[in-house]
Amino acid sequence: MIRVALAQMDPLLGQNPHNRERALAHLEEASRAGARLVLFPECAISGYGFASLEEAWPYAEPVPGPTTEAFTAACRARGLYAVVGLLERADGRLFNTAALIGPEGLIGRYRKAHRPYLGVDRFTAPGDTGFPVFETAIGRIGMLICYDLRFPEAARVLALRGADLVAVPTNWPEGSEIVPIAVAPTRALENRFFVLTCNRVGTERGFTFFGRSGVYDPAGRTLVQAGGEETLVTAEIDPRRARHKRMILRPGAFEMDPIGDRRPDLYGELVRGS
């Protein structure tokens, strides 16, 4: 069993040093609570509601860079893993990125694949990392970012690649309340893995973000869900549960395997585009 923590915070737009220090304070709090993995919101370091590429660009960072280096030092000192959302600049492009960091340093990154017409996502490049799964001392970790969770294909790829848990930094504004109610637990249930979501709170550029960060188990049950305020919540999970896909409700009479029972021969339309 490991303890995971969700650092539901209210980043300030364009205040990277301030947001970084507050995130590191949450990391310290999570360490004191016994957490091994800490998840932060989407764009936790930069904020999200930029009005143009030119406005956002100064607050993007290279990866590795200042944030990943600061988190590496903190994770190494405390034996922690962290997933933190930030804006990344690379090769003249802007990406909405989640970085996975541990005691060993920067483990990997994921660049948001599906981008809504909202906030800084209007100006970011489409993610080019695919959907990697990273082997760590606490389990196999995949990442998605916010809107990605609405696409079942993305989560299924992570399941097929062996993810035990999927960390999802989010910026869900009002109007997206159905996602923590229905979408996040459904992704956990249909893939038989843990889903961790960390939303932000506060108001930015006319949008209010409602929190409700949560942890969902492979049966689709909600293990913990935050309210609408800045907070740190934790839950105990056993990542090894995600490696048992077959559900045996009555041996020999009622069994299901949402991975093994797939029919890829019938799914051709999924890869033909619109």
# chains A, B, ... in the order shown; residues from 1 in each chain; ligands from 1
call {"tool": "select_by_dssp", "arguments": {"residues": "stretch 171-214 of chain A", "states": "strand (DSSP E)", "output": "PyMOL selection string"}}
result
chain A and resi 194-198+201-204+207-210+214
call {"tool": "residues_around", "arguments": {"residues": "A:Val63", "least_positions_apart": "3", "cutoff": "8 Å", "atoms": "only C-alpha atoms", "output": "VMD selection string"}}
result
chain A and resid 68 88 to 89
call {"tool": "write_last_selection", "arguments": {"atoms": "C-alpha atoms", "output": "compact mmCIF listing (two decimals), in the first residue's frame"}}
result
# COMPACT_ATOMS: atom_id res chain seq x y z
CA THR A 68 11.87 20.13 -12.38
CA GLU A 88 6.92 23.89 -21.41
CA ARG A 89 8.79 25.61 -24.22
call {"tool": "residues_around", "arguments": {"residues": "A:Pro11", "least_positions_apart": "4", "cutoff": "7 Å", "atoms": "only C-alpha atoms", "output": "list in words"}}
result
Asn19, Ala44, Ile45 and Gly47 of chain A
call {"tool": "write_last_selection", "arguments": {"atoms": "C-alpha atoms", "output": "mmCIF file, in the first residue's frame"}}
result
data_model
loop_
_atom_site.group_PDB
_atom_site.id
_atom_site.type_symbol
_atom_site.label_atom_id
_atom_site.label_comp_id
_atom_site.auth_asym_id
_atom_site.auth_seq_id
_atom_site.Cartn_x
_atom_site.Cartn_y
_atom_site.Cartn_z
ATOM 1 C CA ASN A 19 3.486 29.125 -7.356
ATOM 2 C CA ALA A 44 0.147 24.721 -11.426
ATOM 3 C CA ILE A 45 3.371 26.669 -11.920
ATOM 4 C CA GLY A 47 -1.520 29.545 -14.236
#
call {"tool": "closest_residue", "arguments": {"among": "A:Val84, A:Leu6, A:Leu149, A:Ala154", "to": "A:Ile178", "atoms": "only C-alpha atoms"}}
result
A:Leu149
call {"tool": "closest_atom_pairs", "arguments": {"of": "stretch 118-144 of chain A", "to": "stretch 192-196 of chain A", "cutoff": "10 Å", "atoms": "only C-alpha atoms", "output": "JSON lines"}}
result
{"residue": "A:Ile141", "atom": "CA", "partner": "A:Phe194", "partner_atom": "CA", "distance": 9.7}
{"residue": "A:Gly142", "atom": "CA", "partner": "A:Val195", "partner_atom": "CA", "distance": 9.6}
{"residue": "A:Met143", "atom": "CA", "partner": "A:Leu196", "partner_atom": "CA", "distance": 9.4}
{"residue": "A:Leu144", "atom": "CA", "partner": "A:Val195", "partner_atom": "CA", "distance": 9.9}
call {"tool": "residues_around", "arguments": {"residues": "stretch 127-135 of chain A", "least_positions_apart": "4", "cutoff": "7 Å", "atoms": "only C-alpha atoms", "output": "list of chain:residue names"}}
result
A:Phe95, A:Tyr110, A:Arg111, A:Lys112, A:Ala113, A:Gly139, A:Arg140, A:Ile141, A:Gly142, A:Val157, A:Leu158, A:Arg161, A:Ala163
call {"tool": "write_last_selection", "arguments": {"atoms": "N, CA and C atoms", "output": "tab-separated table (two decimals), in the first residue's frame"}}
result
chain	number	residue	atom	x	y	z
A	95	PHE	N	4.01	23.89	-25.00
A	95	PHE	CA	3.28	22.67	-24.66
A	95	PHE	C	2.67	22.79	-23.27
A	110	TYR	N	4.79	14.22	-20.06
A	110	TYR	CA	3.68	13.97	-20.97
A	110	TYR	C	3.17	15.32	-21.45
A	111	ARG	N	2.97	15.46	-22.76
A	111	ARG	CA	2.44	16.68	-23.35
A	111	ARG	C	1.00	16.47	-23.77
A	112	LYS	N	0.13	17.36	-23.34
A	112	LYS	CA	-1.32	17.22	-23.53
A	112	LYS	C	-1.67	16.99	-24.99
A	113	ALA	N	-2.40	15.90	-25.25
A	113	ALA	CA	-2.73	15.52	-26.62
A	113	ALA	C	-3.99	16.20	-27.13
A	139	GLY	N	5.21	1.89	-8.60
A	139	GLY	CA	4.26	1.36	-9.56
A	139	GLY	C	4.46	1.96	-10.94
A	140	ARG	N	3.64	1.52	-11.86
A	140	ARG	CA	3.70	1.98	-13.25
A	140	ARG	C	2.75	3.16	-13.41
A	141	ILE	N	3.31	4.31	-13.76
A	141	ILE	CA	2.55	5.56	-13.75
A	141	ILE	C	2.37	6.08	-15.17
A	142	GLY	N	1.11	6.35	-15.53
A	142	GLY	CA	0.79	7.06	-16.75
A	142	GLY	C	0.22	8.42	-16.41
A	157	VAL	N	-5.13	3.14	-23.99
A	157	VAL	CA	-3.73	2.93	-24.38
A	157	VAL	C	-2.86	2.77	-23.14
A	158	LEU	N	-3.08	3.62	-22.13
A	158	LEU	CA	-2.28	3.51	-20.90
A	158	LEU	C	-2.53	2.16	-20.21
A	161	ARG	N	-0.66	-0.51	-21.97
A	161	ARG	CA	0.77	-0.40	-21.72
A	161	ARG	C	1.14	-0.73	-20.27
A	163	ALA	N	-0.25	0.50	-17.20
A	163	ALA	CA	-0.32	1.50	-16.12
A	163	ALA	C	-1.07	0.94	-14.92
call {"tool": "closest_residue", "arguments": {"among": "A:Leu94, A:Tyr81, A:Ile259, A:Gly220", "to": "A:Leu160", "atoms": "only C-alpha atoms"}}
result
A:Ile259
call {"tool": "closest_residue", "arguments": {"among": "A:Glu54, A:Glu61, A:Leu266, A:Val120", "to": "A:Asp91", "atoms": "only C-alpha atoms"}}
result
A:Glu61
call {"tool": "select_by_dssp", "arguments": {"residues": "stretch 3-160 of chain A", "states": "helix (DSSP H, G or I)", "output": "PyMOL selection string"}}
result
chain A and resi 16-32+53-59+66-78+119-122+146-150+152-160
call {"tool": "closest_residue", "arguments": {"among": "A:Arg93, A:Arg262, A:Arg78, A:Arg109", "to": "A:Leu53", "atoms": "only C-alpha atoms"}}
result
A:Arg93
call {"tool": "closest_residue", "arguments": {"among": "A:Gln15, A:Asn171, A:Gln225, A:Thr97", "to": "A:Thr203", "atoms": "only C-alpha atoms"}}
result
A:Asn171
call {"tool": "decode", "arguments": {"residues": "stretch 155-178 of chain A", "atoms": "N, CA and C atoms", "output": "CSV table (one decimal), in the first residue's frame"}}
result
chain,number,residue,atom,x,y,z
A,155,ALA,N,-7.0,6.7,-22.3
A,155,ALA,CA,-6.8,5.9,-21.1
A,155,ALA,C,-6.7,4.4,-21.4
A,156,ARG,N,-7.3,4.0,-22.4
A,156,ARG,CA,-7.2,2.6,-22.8
A,156,ARG,C,-5.8,2.2,-23.2
A,157,VAL,N,-5.1,3.1,-24.0
A,157,VAL,CA,-3.7,2.9,-24.4
A,157,VAL,C,-2.9,2.8,-23.1
A,158,LEU,N,-3.1,3.6,-22.1
A,158,LEU,CA,-2.3,3.5,-20.9
A,158,LEU,C,-2.5,2.2,-20.2
A,159,ALA,N,-3.8,1.7,-20.2
A,159,ALA,CA,-4.1,0.4,-19.6
A,159,ALA,C,-3.3,-0.7,-20.4
A,160,LEU,N,-3.4,-0.6,-21.7
A,160,LEU,CA,-2.7,-1.7,-22.5
A,160,LEU,C,-1.2,-1.7,-22.3
A,161,ARG,N,-0.7,-0.5,-22.0
A,161,ARG,CA,0.8,-0.4,-21.7
A,161,ARG,C,1.1,-0.7,-20.3
A,162,GLY,N,0.2,-1.1,-19.5
A,162,GLY,CA,0.4,-1.6,-18.1
A,162,GLY,C,0.4,-0.7,-17.0
A,163,ALA,N,-0.3,0.5,-17.2
A,163,ALA,CA,-0.3,1.5,-16.1
A,163,ALA,C,-1.1,0.9,-14.9
A,164,ASP,N,-0.5,1.2,-13.7
A,164,ASP,CA,-1.2,0.8,-12.5
A,164,ASP,C,-2.1,2.0,-12.0
A,165,LEU,N,-1.6,3.2,-12.3
A,165,LEU,CA,-2.3,4.4,-11.9
A,165,LEU,C,-2.1,5.5,-13.0
A,166,VAL,N,-3.1,6.3,-13.2
A,166,VAL,CA,-3.0,7.4,-14.1
A,166,VAL,C,-3.2,8.7,-13.4
A,167,ALA,N,-2.2,9.6,-13.4
A,167,ALA,CA,-2.3,10.9,-12.7
A,167,ALA,C,-2.7,11.9,-13.7
A,168,VAL,N,-3.8,12.7,-13.3
A,168,VAL,CA,-4.4,13.6,-14.2
A,168,VAL,C,-4.5,15.0,-13.6
A,169,PRO,N,-3.5,15.9,-13.9
A,169,PRO,CA,-3.6,17.3,-13.5
A,169,PRO,C,-4.7,17.9,-14.3
A,170,THR,N,-5.6,18.7,-13.7
A,170,THR,CA,-6.7,19.3,-14.4
A,170,THR,C,-6.9,20.8,-14.0
A,171,ASN,N,-7.6,21.5,-14.9
A,171,ASN,CA,-8.1,22.8,-14.6
A,171,ASN,C,-9.6,22.8,-15.1
A,172,TRP,N,-10.4,22.1,-14.3
A,172,TRP,CA,-11.9,22.0,-14.6
A,172,TRP,C,-12.6,23.3,-14.1
A,173,PRO,N,-13.1,24.1,-15.1
A,173,PRO,CA,-13.9,25.3,-14.6
A,173,PRO,C,-15.4,24.9,-14.5
A,174,GLU,N,-16.1,25.8,-13.9
A,174,GLU,CA,-17.6,25.6,-13.9
A,174,GLU,C,-18.1,25.3,-15.3
A,175,GLY,N,-19.0,24.3,-15.3
A,175,GLY,CA,-19.5,23.7,-16.6
A,175,GLY,C,-19.0,22.3,-16.8
A,176,SER,N,-17.9,21.9,-16.0
A,176,SER,CA,-17.3,20.6,-16.2
A,176,SER,C,-17.6,19.7,-15.0
A,177,GLU,N,-18.6,20.0,-14.2
A,177,GLU,CA,-18.8,19.3,-13.0
A,177,GLU,C,-19.1,17.8,-13.2
A,178,ILE,N,-19.5,17.4,-14.4
A,178,ILE,CA,-19.8,16.0,-14.6
A,178,ILE,C,-18.6,15.1,-14.6
